[in-house]
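File shown here: upload_36.cif, holding mmCIF, C-alpha atoms.
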```cif
data_start
#
loop_
_atom_site.group_PDB
_atom_site.id
_atom_site.type_symbol
_atom_site.label_atom_id
_atom_site.label_comp_id
_atom_site.auth_asym_id
_atom_site.auth_seq_id
_atom_site.Cartn_x
_atom_site.Cartn_y
_atom_site.Cartn_z
ATOM 1 C CA MET A 12 -55.276 85.396 83.105
ATOM 2 C CA GLN A 13 -53.895 88.033 80.785
ATOM 3 C CA LYS A 14 -51.820 86.810 77.850
ATOM 4 C CA PRO A 15 -48.219 88.037 77.626
ATOM 5 C CA LYS A 16 -47.655 91.258 75.734
ATOM 6 C CA LEU A 17 -44.476 92.970 74.545
ATOM 7 C CA VAL A 18 -44.230 96.722 74.085
ATOM 8 C CA TYR A 19 -41.134 98.347 72.615
ATOM 9 C CA ALA A 20 -40.826 102.069 71.933
ATOM 10 C CA THR A 21 -37.964 103.760 70.136
ATOM 11 C CA TYR A 22 -37.216 107.167 68.651
ATOM 12 C CA ILE A 23 -35.697 107.489 65.207
ATOM 13 C CA ARG A 24 -34.475 110.518 63.276
ATOM 14 C CA THR A 25 -36.633 110.075 60.158
ATOM 15 C CA THR A 26 -40.066 110.877 58.730
ATOM 16 C CA PRO A 27 -43.290 108.824 59.127
ATOM 17 C CA LYS A 28 -43.265 108.099 55.367
ATOM 18 C CA LYS A 29 -39.701 106.710 55.446
ATOM 19 C CA MET A 30 -40.537 104.704 58.560
ATOM 20 C CA TRP A 31 -43.612 103.224 56.868
ATOM 21 C CA ASP A 32 -41.568 102.288 53.802
ATOM 22 C CA ALA A 33 -38.862 100.719 55.964
ATOM 23 C CA ILE A 34 -41.470 98.466 57.601
ATOM 24 C CA THR A 35 -43.410 97.515 54.478
ATOM 25 C CA LYS A 36 -41.013 97.443 51.513
ATOM 26 C CA PRO A 37 -39.112 94.155 51.059
ATOM 27 C CA GLU A 38 -36.046 95.908 49.608
ATOM 28 C CA PHE A 39 -35.738 97.812 52.910
ATOM 29 C CA THR A 40 -36.731 95.125 55.433
ATOM 30 C CA ARG A 41 -34.055 92.756 54.169
ATOM 31 C CA GLN A 42 -31.393 95.372 54.947
ATOM 32 C CA TYR A 43 -32.054 95.482 58.692
ATOM 33 C CA TRP A 44 -34.135 92.367 59.482
ATOM 34 C CA GLY A 45 -31.456 89.681 59.096
ATOM 35 C CA GLY A 46 -32.090 89.433 55.332
ATOM 36 C CA ALA A 47 -35.839 88.742 55.563
ATOM 37 C CA LYS A 48 -38.444 90.353 53.354
ATOM 38 C CA ASN A 49 -41.898 91.398 54.496
ATOM 39 C CA VAL A 50 -44.175 90.833 51.525
ATOM 40 C CA SER A 51 -47.757 92.075 51.066
ATOM 41 C CA ASP A 52 -49.770 94.752 49.278
ATOM 42 C CA TRP A 53 -50.511 96.013 52.824
ATOM 43 C CA LYS A 54 -54.239 96.432 52.241
ATOM 44 C CA LYS A 55 -56.733 95.524 54.924
ATOM 45 C CA GLY A 56 -57.620 91.827 54.624
ATOM 46 C CA SER A 57 -54.551 90.945 52.507
ATOM 47 C CA LYS A 58 -52.081 88.246 53.406
ATOM 48 C CA TRP A 59 -48.561 89.186 54.513
ATOM 49 C CA GLU A 60 -45.461 87.008 54.822
ATOM 50 C CA HIS A 61 -42.065 87.253 56.484
ATOM 51 C CA VAL A 62 -39.776 85.473 54.002
ATOM 52 C CA PHE A 63 -36.187 84.245 54.035
ATOM 53 C CA GLU A 64 -35.720 83.611 50.313
ATOM 54 C CA ASN A 65 -32.759 81.246 50.463
ATOM 55 C CA GLU A 66 -34.105 78.950 53.180
ATOM 56 C CA PRO A 67 -35.701 75.573 52.320
ATOM 57 C CA ASP A 68 -38.869 76.712 54.155
ATOM 58 C CA PRO A 69 -38.782 80.393 53.223
ATOM 59 C CA VAL A 70 -41.954 81.606 54.973
ATOM 60 C CA TRP A 71 -41.195 82.069 58.668
ATOM 61 C CA ILE A 72 -44.223 84.117 59.659
ATOM 62 C CA THR A 73 -47.569 84.568 57.977
ATOM 63 C CA GLY A 74 -50.693 86.542 58.756
ATOM 64 C CA LYS A 75 -53.336 89.001 57.622
ATOM 65 C CA VAL A 76 -53.298 92.779 57.484
ATOM 66 C CA LEU A 77 -55.938 93.722 60.091
ATOM 67 C CA GLU A 78 -55.606 97.494 59.830
ATOM 68 C CA SER A 79 -53.551 99.694 57.527
ATOM 69 C CA THR A 80 -53.413 103.483 57.827
ATOM 70 C CA PRO A 81 -50.222 104.690 56.139
ATOM 71 C CA PRO A 82 -48.014 106.188 57.495
ATOM 72 C CA LYS A 83 -49.432 105.948 61.019
ATOM 73 C CA ARG A 84 -50.710 102.565 62.007
ATOM 74 C CA LEU A 85 -50.367 98.970 60.839
ATOM 75 C CA VAL A 86 -51.946 95.986 62.608
ATOM 76 C CA LEU A 87 -51.033 92.434 61.585
ATOM 77 C CA SER A 88 -51.920 88.957 62.706
ATOM 78 C CA TRP A 89 -48.798 86.861 63.182
ATOM 79 C CA ALA A 90 -48.344 83.082 63.123
ATOM 80 C CA ASP A 91 -45.806 80.344 62.411
ATOM 81 C CA PRO A 92 -47.010 78.632 59.170
ATOM 82 C CA ASP A 93 -46.536 75.266 60.932
ATOM 83 C CA LYS A 94 -48.711 76.312 63.845
ATOM 84 C CA LEU A 95 -51.566 78.360 62.446
ATOM 85 C CA THR A 96 -53.779 77.809 65.477
ATOM 86 C CA ASP A 97 -51.439 79.978 67.545
ATOM 87 C CA VAL A 98 -52.081 83.505 66.274
ATOM 88 C CA SER A 99 -50.719 86.639 67.921
ATOM 89 C CA ARG A 100 -51.019 90.286 66.888
ATOM 90 C CA VAL A 101 -48.525 93.049 66.103
ATOM 91 C CA THR A 102 -49.375 96.760 66.099
ATOM 92 C CA TYR A 103 -46.996 99.366 64.708
ATOM 93 C CA GLU A 104 -47.754 102.962 65.707
ATOM 94 C CA ILE A 105 -45.816 105.806 64.106
ATOM 95 C CA GLU A 106 -45.926 109.305 65.565
ATOM 96 C CA ALA A 107 -44.010 112.336 64.289
ATOM 97 C CA ILE A 108 -42.322 114.454 66.997
ATOM 98 C CA ASP A 109 -40.395 117.419 65.553
ATOM 99 C CA ASP A 110 -37.602 115.978 63.379
ATOM 100 C CA MET A 111 -38.014 112.425 64.629
ATOM 101 C CA VAL A 112 -40.532 109.626 64.831
ATOM 102 C CA CYS A 113 -41.660 107.624 67.838
ATOM 103 C CA LEU A 114 -42.232 104.011 66.804
ATOM 104 C CA LYS A 115 -44.166 101.835 69.207
ATOM 105 C CA VAL A 116 -44.455 98.120 68.525
ATOM 106 C CA THR A 117 -46.942 96.121 70.580
ATOM 107 C CA HIS A 118 -46.952 92.339 70.211
ATOM 108 C CA ASP A 119 -49.897 90.873 72.097
ATOM 109 C CA LYS A 120 -52.148 87.804 72.245
ATOM 110 C CA LEU A 121 -48.993 85.724 72.754
ATOM 111 C CA LYS A 122 -49.179 82.368 74.527
ATOM 112 C CA ALA A 123 -47.386 82.140 77.892
ATOM 113 C CA GLY A 124 -44.311 79.885 77.701
ATOM 114 C CA SER A 125 -44.517 79.517 73.903
ATOM 115 C CA LYS A 126 -41.588 79.270 71.524
ATOM 116 C CA MET A 127 -43.046 82.278 69.685
ATOM 117 C CA LEU A 128 -42.972 84.394 72.866
ATOM 118 C CA ARG A 129 -39.317 83.461 73.423
ATOM 119 C CA GLY A 130 -38.461 84.138 69.792
ATOM 120 C CA VAL A 131 -40.079 87.547 69.546
ATOM 121 C CA SER A 132 -38.710 88.656 72.950
ATOM 122 C CA TRP A 133 -35.270 87.857 71.567
ATOM 123 C CA GLY A 134 -35.997 89.358 68.173
ATOM 124 C CA TRP A 135 -37.829 92.678 68.573
ATOM 125 C CA PRO A 136 -35.041 94.606 70.380
ATOM 126 C CA ARG A 137 -32.619 93.407 67.660
ATOM 127 C CA VAL A 138 -34.904 94.231 64.746
ATOM 128 C CA LEU A 139 -35.858 97.653 66.062
ATOM 129 C CA SER A 140 -32.307 98.681 67.054
ATOM 130 C CA SER A 141 -31.191 97.608 63.587
ATOM 131 C CA LEU A 142 -34.093 99.507 61.969
ATOM 132 C CA LYS A 143 -32.987 102.667 63.792
ATOM 133 C CA SER A 144 -29.384 102.180 62.588
ATOM 134 C CA PHE A 145 -30.618 101.534 59.054
ATOM 135 C CA LEU A 146 -32.737 104.701 58.900
ATOM 136 C CA GLU A 147 -30.140 106.934 60.569
ATOM 137 C CA THR A 148 -26.914 105.589 59.043
ATOM 138 C CA GLY A 149 -28.041 103.688 55.942
ATOM 139 C CA LYS A 150 -26.781 100.406 57.400
ATOM 140 C CA GLY A 151 -28.569 97.881 59.615
ATOM 141 C CA LEU A 152 -26.901 95.979 62.455
ATOM 142 C CA ASN A 153 -25.483 92.513 61.924
ATOM 143 C CA ILE A 154 -26.867 90.976 65.105
ATOM 144 C CA PHE A 155 -28.982 88.074 63.944
ATOM 145 C CA CYS A 156 -26.317 85.372 63.713
ATOM 146 C CA LYS A 157 -26.322 84.397 67.407
ATOM 147 C CA MET B 16 -43.718 90.714 97.056
ATOM 148 C CA LYS B 17 -42.413 90.864 93.508
ATOM 149 C CA PRO B 18 -40.507 94.096 92.902
ATOM 150 C CA GLU B 19 -41.543 96.224 89.965
ATOM 151 C CA GLN B 20 -39.114 96.457 87.116
ATOM 152 C CA PHE B 21 -38.495 98.114 83.781
ATOM 153 C CA VAL B 22 -36.203 96.377 81.271
ATOM 154 C CA TYR B 23 -34.966 97.818 77.982
ATOM 155 C CA VAL B 24 -32.595 96.073 75.592
ATOM 156 C CA THR B 25 -30.928 97.898 72.739
ATOM 157 C CA TYR B 26 -28.105 97.158 70.314
ATOM 158 C CA ILE B 27 -25.626 99.845 69.339
ATOM 159 C CA ARG B 28 -22.885 99.759 66.718
ATOM 160 C CA THR B 29 -19.958 100.667 68.979
ATOM 161 C CA THR B 30 -17.474 99.051 71.389
ATOM 162 C CA PRO B 31 -18.130 98.275 75.082
ATOM 163 C CA GLU B 32 -15.397 100.791 76.016
ATOM 164 C CA LYS B 33 -16.997 103.645 74.053
ATOM 165 C CA LEU B 34 -20.453 102.813 75.373
ATOM 166 C CA TRP B 35 -19.135 102.732 78.939
ATOM 167 C CA GLN B 36 -17.609 106.152 78.453
ATOM 168 C CA ALA B 37 -20.833 107.496 76.956
ATOM 169 C CA LEU B 38 -22.797 106.221 79.971
ATOM 170 C CA THR B 39 -20.491 107.675 82.608
ATOM 171 C CA ALA B 40 -18.432 110.626 81.296
ATOM 172 C CA PRO B 41 -20.096 114.039 81.880
ATOM 173 C CA GLU B 42 -19.000 115.429 78.502
ATOM 174 C CA PHE B 43 -20.935 112.589 76.843
ATOM 175 C CA THR B 44 -24.017 112.347 79.061
ATOM 176 C CA GLN B 45 -24.815 116.028 78.673
ATOM 177 C CA ARG B 46 -25.042 115.583 74.912
ATOM 178 C CA TYR B 47 -27.860 113.004 74.908
ATOM 179 C CA TRP B 48 -29.273 113.140 78.456
ATOM 180 C CA LEU B 49 -31.018 116.528 78.590
ATOM 181 C CA GLN B 50 -27.779 118.420 79.283
ATOM 182 C CA THR B 51 -27.313 116.639 82.613
ATOM 183 C CA LYS B 52 -24.003 115.440 84.032
ATOM 184 C CA GLN B 53 -23.296 112.481 86.246
ATOM 185 C CA GLU B 54 -20.819 112.947 89.056
ATOM 186 C CA SER B 55 -19.216 110.055 90.890
ATOM 187 C CA ALA B 56 -15.830 108.598 91.791
ATOM 188 C CA TRP B 57 -17.190 105.402 90.120
ATOM 189 C CA LYS B 58 -16.093 103.048 92.922
ATOM 190 C CA PRO B 59 -18.231 100.713 95.020
ATOM 191 C CA GLY B 60 -19.777 102.736 97.852
ATOM 192 C CA ALA B 61 -19.108 106.104 96.167
ATOM 193 C CA SER B 62 -21.947 108.583 95.857
ATOM 194 C CA TRP B 63 -23.521 109.168 92.434
ATOM 195 C CA ARG B 64 -25.433 112.272 91.349
ATOM 196 C CA CYS B 65 -27.169 113.445 88.222
ATOM 197 C CA VAL B 66 -26.908 117.226 88.011
ATOM 198 C CA ASN B 67 -28.946 119.609 85.839
ATOM 199 C CA PRO B 68 -27.402 122.545 83.879
ATOM 200 C CA GLU B 69 -28.003 124.888 86.873
ATOM 201 C CA GLY B 70 -25.934 122.605 89.097
ATOM 202 C CA LYS B 71 -28.899 121.202 91.043
ATOM 203 C CA THR B 72 -28.914 117.506 91.938
ATOM 204 C CA ILE B 73 -31.966 115.909 90.333
ATOM 205 C CA ILE B 74 -31.166 112.253 91.075
ATOM 206 C CA SER B 75 -28.915 110.849 93.788
ATOM 207 C CA GLY B 76 -27.645 107.430 94.764
ATOM 208 C CA GLU B 77 -24.664 105.208 95.373
ATOM 209 C CA ILE B 78 -22.496 102.867 93.306
ATOM 210 C CA ILE B 79 -23.172 99.253 94.333
ATOM 211 C CA GLU B 80 -21.143 97.320 91.801
ATOM 212 C CA ILE B 81 -18.832 98.459 89.038
ATOM 213 C CA GLU B 82 -16.988 96.357 86.494
ATOM 214 C CA PRO B 83 -15.962 98.482 83.462
ATOM 215 C CA PRO B 84 -16.888 98.002 80.644
ATOM 216 C CA ARG B 85 -19.394 95.251 81.483
ATOM 217 C CA LYS B 86 -21.581 96.006 84.455
ATOM 218 C CA LEU B 87 -22.686 98.932 86.604
ATOM 219 C CA VAL B 88 -25.188 98.766 89.452
ATOM 220 C CA PHE B 89 -26.233 101.911 91.321
ATOM 221 C CA THR B 90 -29.107 103.233 93.384
ATOM 222 C CA TRP B 91 -31.341 106.060 92.162
ATOM 223 C CA ARG B 92 -33.567 108.397 94.126
ATOM 224 C CA ASN B 93 -35.481 111.226 92.495
ATOM 225 C CA GLU B 94 -34.674 114.597 94.129
ATOM 226 C CA THR B 95 -37.092 116.911 92.317
ATOM 227 C CA LYS B 96 -40.574 115.757 93.321
ATOM 228 C CA PRO B 97 -41.221 115.218 97.065
ATOM 229 C CA GLU B 98 -43.859 112.507 96.524
ATOM 230 C CA ILE B 99 -41.408 110.538 94.351
ATOM 231 C CA THR B 100 -38.395 111.264 96.591
ATOM 232 C CA ALA B 101 -40.468 109.715 99.411
ATOM 233 C CA GLU B 102 -40.496 106.395 97.558
ATOM 234 C CA GLY B 103 -36.779 106.128 98.371
ATOM 235 C CA HIS B 104 -34.081 104.411 96.349
ATOM 236 C CA SER B 105 -34.617 102.347 93.245
ATOM 237 C CA ARG B 106 -31.842 100.344 91.598
ATOM 238 C CA VAL B 107 -30.394 100.520 88.082
ATOM 239 C CA THR B 108 -28.249 97.856 86.412
ATOM 240 C CA TYR B 109 -26.428 98.425 83.126
ATOM 241 C CA GLY B 110 -25.215 95.290 81.342
ATOM 242 C CA LEU B 111 -22.912 95.651 78.314
ATOM 243 C CA GLU B 112 -22.162 92.669 76.119
ATOM 244 C CA LYS B 113 -20.183 92.670 72.872
ATOM 245 C CA GLN B 114 -22.029 90.994 69.992
ATOM 246 C CA GLY B 115 -20.022 91.099 66.773
ATOM 247 C CA ALA B 116 -19.604 94.727 65.707
ATOM 248 C CA SER B 117 -22.295 95.853 68.162
ATOM 249 C CA VAL B 118 -22.913 96.001 71.886
ATOM 250 C CA LYS B 119 -26.050 94.725 73.566
ATOM 251 C CA LEU B 120 -27.022 97.165 76.290
ATOM 252 C CA THR B 121 -29.535 96.023 78.903
ATOM 253 C CA VAL B 122 -30.960 98.589 81.309
ATOM 254 C CA LEU B 123 -32.827 97.164 84.284
ATOM 255 C CA HIS B 124 -34.551 99.610 86.636
ATOM 256 C CA GLU B 125 -36.079 98.058 89.752
ATOM 257 C CA MET B 126 -38.112 99.283 92.721
ATOM 258 C CA ASP B 127 -39.137 97.058 95.611
ATOM 259 C CA LYS B 128 -42.554 98.738 95.983
ATOM 260 C CA PRO B 129 -45.619 98.139 93.814
ATOM 261 C CA GLY B 130 -47.309 101.072 92.061
ATOM 262 C CA SER B 131 -44.103 103.146 92.001
ATOM 263 C CA LYS B 132 -44.486 106.575 90.363
ATOM 264 C CA LEU B 133 -40.731 106.658 89.851
ATOM 265 C CA LEU B 134 -40.811 103.473 87.776
ATOM 266 C CA GLN B 135 -43.711 104.807 85.755
ATOM 267 C CA SER B 136 -41.839 108.003 84.970
ATOM 268 C CA VAL B 137 -38.513 106.330 84.073
ATOM 269 C CA SER B 138 -40.336 103.812 81.850
ATOM 270 C CA ASP B 139 -41.327 106.744 79.646
ATOM 271 C CA GLY B 140 -37.907 108.378 79.863
ATOM 272 C CA TRP B 141 -35.444 105.544 79.212
ATOM 273 C CA PRO B 142 -36.473 104.729 75.599
ATOM 274 C CA LEU B 143 -35.888 108.338 74.471
ATOM 275 C CA ILE B 144 -32.558 108.710 76.308
ATOM 276 C CA LEU B 145 -31.276 105.349 75.033
ATOM 277 C CA ALA B 146 -32.430 106.092 71.468
ATOM 278 C CA SER B 147 -30.538 109.383 71.595
ATOM 279 C CA LEU B 148 -27.472 107.561 72.972
ATOM 280 C CA GLN B 149 -27.605 105.166 69.996
ATOM 281 C CA SER B 150 -27.904 108.118 67.574
ATOM 282 C CA LEU B 151 -24.948 109.883 69.209
ATOM 283 C CA LEU B 152 -22.673 106.827 69.056
ATOM 284 C CA GLU B 153 -23.660 105.810 65.524
ATOM 285 C CA THR B 154 -24.058 109.189 63.799
ATOM 286 C CA GLY B 155 -22.206 111.638 66.061
ATOM 287 C CA GLU B 156 -25.429 113.560 66.671
ATOM 288 C CA PRO B 157 -27.928 112.965 69.488
ATOM 289 C CA LEU B 158 -31.691 113.411 68.956
ATOM 290 C CA GLU B 159 -32.809 117.048 68.994
ATOM 291 C CA GLU B 160 -35.429 116.381 71.693
ATOM 292 C CA THR B 161 -32.787 115.398 74.248
ATOM 293 C CA ARG B 162 -30.457 118.360 73.819
ATOM 294 C CA ARG B 163 -32.208 120.704 76.228
ATOM 295 C CA TYR B 164 -32.924 120.305 79.913
ATOM 296 C CA VAL B 165 -36.590 119.725 80.695
ATOM 297 C CA ALA B 166 -37.569 119.386 84.349
ATOM 298 C CA CYS B 167 -39.244 116.018 84.851
#
```
Transcribe the structure of this file into structure tokens.
Amino acid sequence: MQKPKLVYATYIRTTPKKMWDAITKPEFTRQYWGGAKNVSDWKKGSKWEHVFENEPDPVWITGKVLESTPPKRLVLSWADPDKLTDVSRVTYEIEAIDDMVCLKVTHDKLKAGSKMLRGVSWGWPRVLSSLKSFLETGKGLNIFCK
Amino acid sequence: MKPEQFVYVTYIRTTPEKLWQALTAPEFTQRYWLQTKQESAWKPGASWRCVNPEGKTIISGEIIEIEPPRKLVFTWRNETKPEITAEGHSRVTYGLEKQGASVKLTVLHEMDKPGSKLLQSVSDGWPLILASLQSLLETGEPLEETRRYVAC
């Protein structure tokens, strides 16, 4: 049986370079991703972490950089630090179209019925809508409290 | 048989009332939806049409359920490509839900036939139209790519 997969595409008025920075630089991610930082040197084989600094257990997601081709394609493994046997994969694809960018996020290798599948199904539309607001208006959306 | 469906969820910094207007008022839809207008009396049972800049109906259907500014259900049949028109009516549901200073918009597009070409084509189209709608409501300017009519 095929494992569940999420695909979300959106179009943002920005450049591939700014989009890449918004995904990889902690000072940007925290402005649209509910305050979380994505930390890594973003080189193939490096570790990356999704961190909420002020939480008692700050690292929410951890993984490895599987592929990194700035500013076009970034592939990450993705796991809850408390459940490292359950590893999924996230692929960001960035394509320039005239004065905008098409961003496609594919989250695959998810486990059917898992808490992670529920969490990321809830989260990706929020994160990516907020990312679009952040890049186009300078301000992310405050939609992570519910 | 399980009907095919396309679901897209987006969050927009606006009010449900403004989003409702942007989804239904011709002067708004033509700004982010390829210069098309939607014509309807917006009552249950009323006809609904999407009209291109030359005045030709490109999509037609009927209002099933309407509850401004929360929910709109209508049918949708393509009127430009005979092989897709032959698939008959699909169904679209808009759900609008206020969340803090934003609105969660859910678009559900369903077809009760497997392998629908209509669903395939709208699955490519909705993300661009809804992204342009978000840009229009948040910045006052829709995305450039959606400002001209392209036959599809």
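Here atom CA of Arg163 of chain B is placed at a distance of 27.7 Å from atom CA of Pro84 of chain B.
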Name every residue that the PyMOL selection byres ((chain A) within 9 of (chain B)) selects in this structure, writing the answer as a list in words with chains first and numbers rising.
Tyr19, Ala20, Thr21, Tyr22, Ile23, Arg24, Ile108, Asp109, Asp110, Met111, Cys113, Pro136, Arg137, Leu139, Ser140, Ser141, Lys143, Ser144, Glu147, Thr148, Leu152, Asn153, Ile154 and Lys157 of chain A
Two-atom distance - atom CA of Ala47 of chain A, atom CA of Ala33 of chain A (Å)
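Calculated distance between atom CA of Ala47 of chain A and atom CA of Ala33 of chain A is 12.4 Å.
Comparing the minimum interatomic distances between Ala56 of chain B and each of B:Glu112, B:Glu19, B:Glu82, B:Glu77, counting all atoms listed in the file, we find that B:Glu77 sits nearest.
In this model, the gap between atom CA of Thr161 of chain B and atom CA of Asp127 of chain B comes to 28.9 Å.
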Determine the residue membership of the PyMOL selection byres ((chain B and resi 93-105) around 8) for the file above and supply it as a VMD selection string.
chain B and resid 72 to 76 90 to 92 106 to 107 124 to 127 131 to 133 167
Expected selection from the PyMOL selection byres ((chain A and resi 37-45) around 7), given as a PDB file with C-alpha atoms, in the frame of the given file:
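Everything below was put into result13.pdb:
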```
ATOM      1  CA  ALA A  33     -38.862 100.719  55.964  1.00  0.00           C
ATOM      2  CA  ILE A  34     -41.470  98.466  57.601  1.00  0.00           C
ATOM      3  CA  THR A  35     -43.410  97.515  54.478  1.00  0.00           C
ATOM      4  CA  LYS A  36     -41.013  97.443  51.513  1.00  0.00           C
ATOM      5  CA  GLY A  46     -32.090  89.433  55.332  1.00  0.00           C
ATOM      6  CA  ALA A  47     -35.839  88.742  55.563  1.00  0.00           C
ATOM      7  CA  LYS A  48     -38.444  90.353  53.354  1.00  0.00           C
ATOM      8  CA  ASN A  49     -41.898  91.398  54.496  1.00  0.00           C
ATOM      9  CA  VAL A  50     -44.175  90.833  51.525  1.00  0.00           C
ATOM     10  CA  VAL A 138     -34.904  94.231  64.746  1.00  0.00           C
ATOM     11  CA  SER A 141     -31.191  97.608  63.587  1.00  0.00           C
ATOM     12  CA  LEU A 142     -34.093  99.507  61.969  1.00  0.00           C
ATOM     13  CA  PHE A 145     -30.618 101.534  59.054  1.00  0.00           C
ATOM     14  CA  GLY A 151     -28.569  97.881  59.615  1.00  0.00           C
ATOM     15  CA  LEU A 152     -26.901  95.979  62.455  1.00  0.00           C
ATOM     16  CA  PHE A 155     -28.982  88.074  63.944  1.00  0.00           C
TER      17      PHE A 155
END
```
Which one is closest to Thr26 of chain A: A:Lys83, A:Arg129, A:His118, A:Arg100? Count only C-alpha atoms.
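Among the listed residues, A:Lys83 lies closest to Thr26 of chain A.
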Under the rule that only C-alpha atoms are counted, which of A:Ile72, A:Val62, A:Leu85, A:Leu128 is the nearest residue to Thr102 of chain A?
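Going through A:Ile72, A:Val62, A:Leu85, A:Leu128 one by one, the smallest distance to Thr102 of chain A is for A:Leu85.
Nearest to Gln45 of chain B of all the residues B:Leu123, B:Ile81, B:Val137, B:Val66 is B:Val66, based on only C-alpha atoms.
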5 Å per side around segment 134-140 of chain A: axis-aligned box centre and edge lengths, as AutoDock Vina command-line options:
```
--center_x -35.1 --center_y 94.0 --center_z 67.6 --size_x 15.5 --size_y 19.3 --size_z 15.6
```
Would you please work out which residue, of B:Thr121, B:Phe21, B:Gly155, B:Gly60, is nearest to Gln135 of chain B when using all atoms listed in the file?
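Ranked by minimum distance to Gln135 of chain B, first place goes to B:Phe21.
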In terms of all atoms listed in the file, the residue from B:Ser136, B:Thr39, B:Val22, B:Gln50 at minimal distance from Glu69 of chain B is B:Gln50
Using the atoms already present, construct all heavy atoms for segment 66-71 of chain A and hand them back as a compact mmCIF listing (two decimals), keeping the file's coordinate frame.
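Output contents, as saved in part.txt:
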```
# COMPACT_ATOMS: atom_id res chain seq x y z
N GLU A 66 -33.89 80.08 52.27
CA GLU A 66 -34.10 78.95 53.18
C GLU A 66 -34.98 77.90 52.50
O GLU A 66 -35.81 78.24 51.64
CB GLU A 66 -34.82 79.44 54.45
CG GLU A 66 -34.05 80.49 55.23
CD GLU A 66 -32.95 79.89 56.08
OE1 GLU A 66 -33.09 78.73 56.51
OE2 GLU A 66 -31.94 80.58 56.31
N PRO A 67 -34.83 76.61 52.90
CA PRO A 67 -35.70 75.57 52.32
C PRO A 67 -37.19 75.82 52.63
O PRO A 67 -38.05 75.56 51.78
CB PRO A 67 -35.21 74.28 52.97
CG PRO A 67 -34.15 74.63 53.95
CD PRO A 67 -33.80 76.07 53.79
N ASP A 68 -37.49 76.30 53.83
CA ASP A 68 -38.87 76.71 54.16
C ASP A 68 -38.87 78.22 54.31
O ASP A 68 -38.65 78.74 55.41
CB ASP A 68 -39.34 76.07 55.47
CG ASP A 68 -39.54 74.57 55.32
OD1 ASP A 68 -40.13 74.16 54.30
OD2 ASP A 68 -39.10 73.82 56.21
N PRO A 69 -39.05 78.95 53.19
CA PRO A 69 -38.78 80.39 53.22
C PRO A 69 -39.75 81.22 54.08
O PRO A 69 -39.35 82.27 54.58
CB PRO A 69 -38.86 80.82 51.75
CG PRO A 69 -39.56 79.73 51.03
CD PRO A 69 -39.37 78.47 51.82
N VAL A 70 -41.00 80.76 54.23
CA VAL A 70 -41.95 81.61 54.97
C VAL A 70 -41.87 81.31 56.47
O VAL A 70 -42.23 80.23 56.92
CB VAL A 70 -43.39 81.39 54.47
CG1 VAL A 70 -44.37 82.27 55.26
CG2 VAL A 70 -43.49 81.70 52.98
N TRP A 71 -41.37 82.27 57.23
CA TRP A 71 -41.20 82.07 58.67
C TRP A 71 -42.43 82.51 59.45
O TRP A 71 -42.77 81.94 60.46
CB TRP A 71 -39.96 82.83 59.17
CG TRP A 71 -38.68 82.10 58.85
CD1 TRP A 71 -38.41 81.39 57.71
CD2 TRP A 71 -37.53 81.98 59.68
NE1 TRP A 71 -37.15 80.85 57.78
CE2 TRP A 71 -36.58 81.19 58.97
CE3 TRP A 71 -37.18 82.46 60.94
CZ2 TRP A 71 -35.32 80.88 59.49
CZ3 TRP A 71 -35.93 82.16 61.45
CH2 TRP A 71 -35.02 81.37 60.73
```
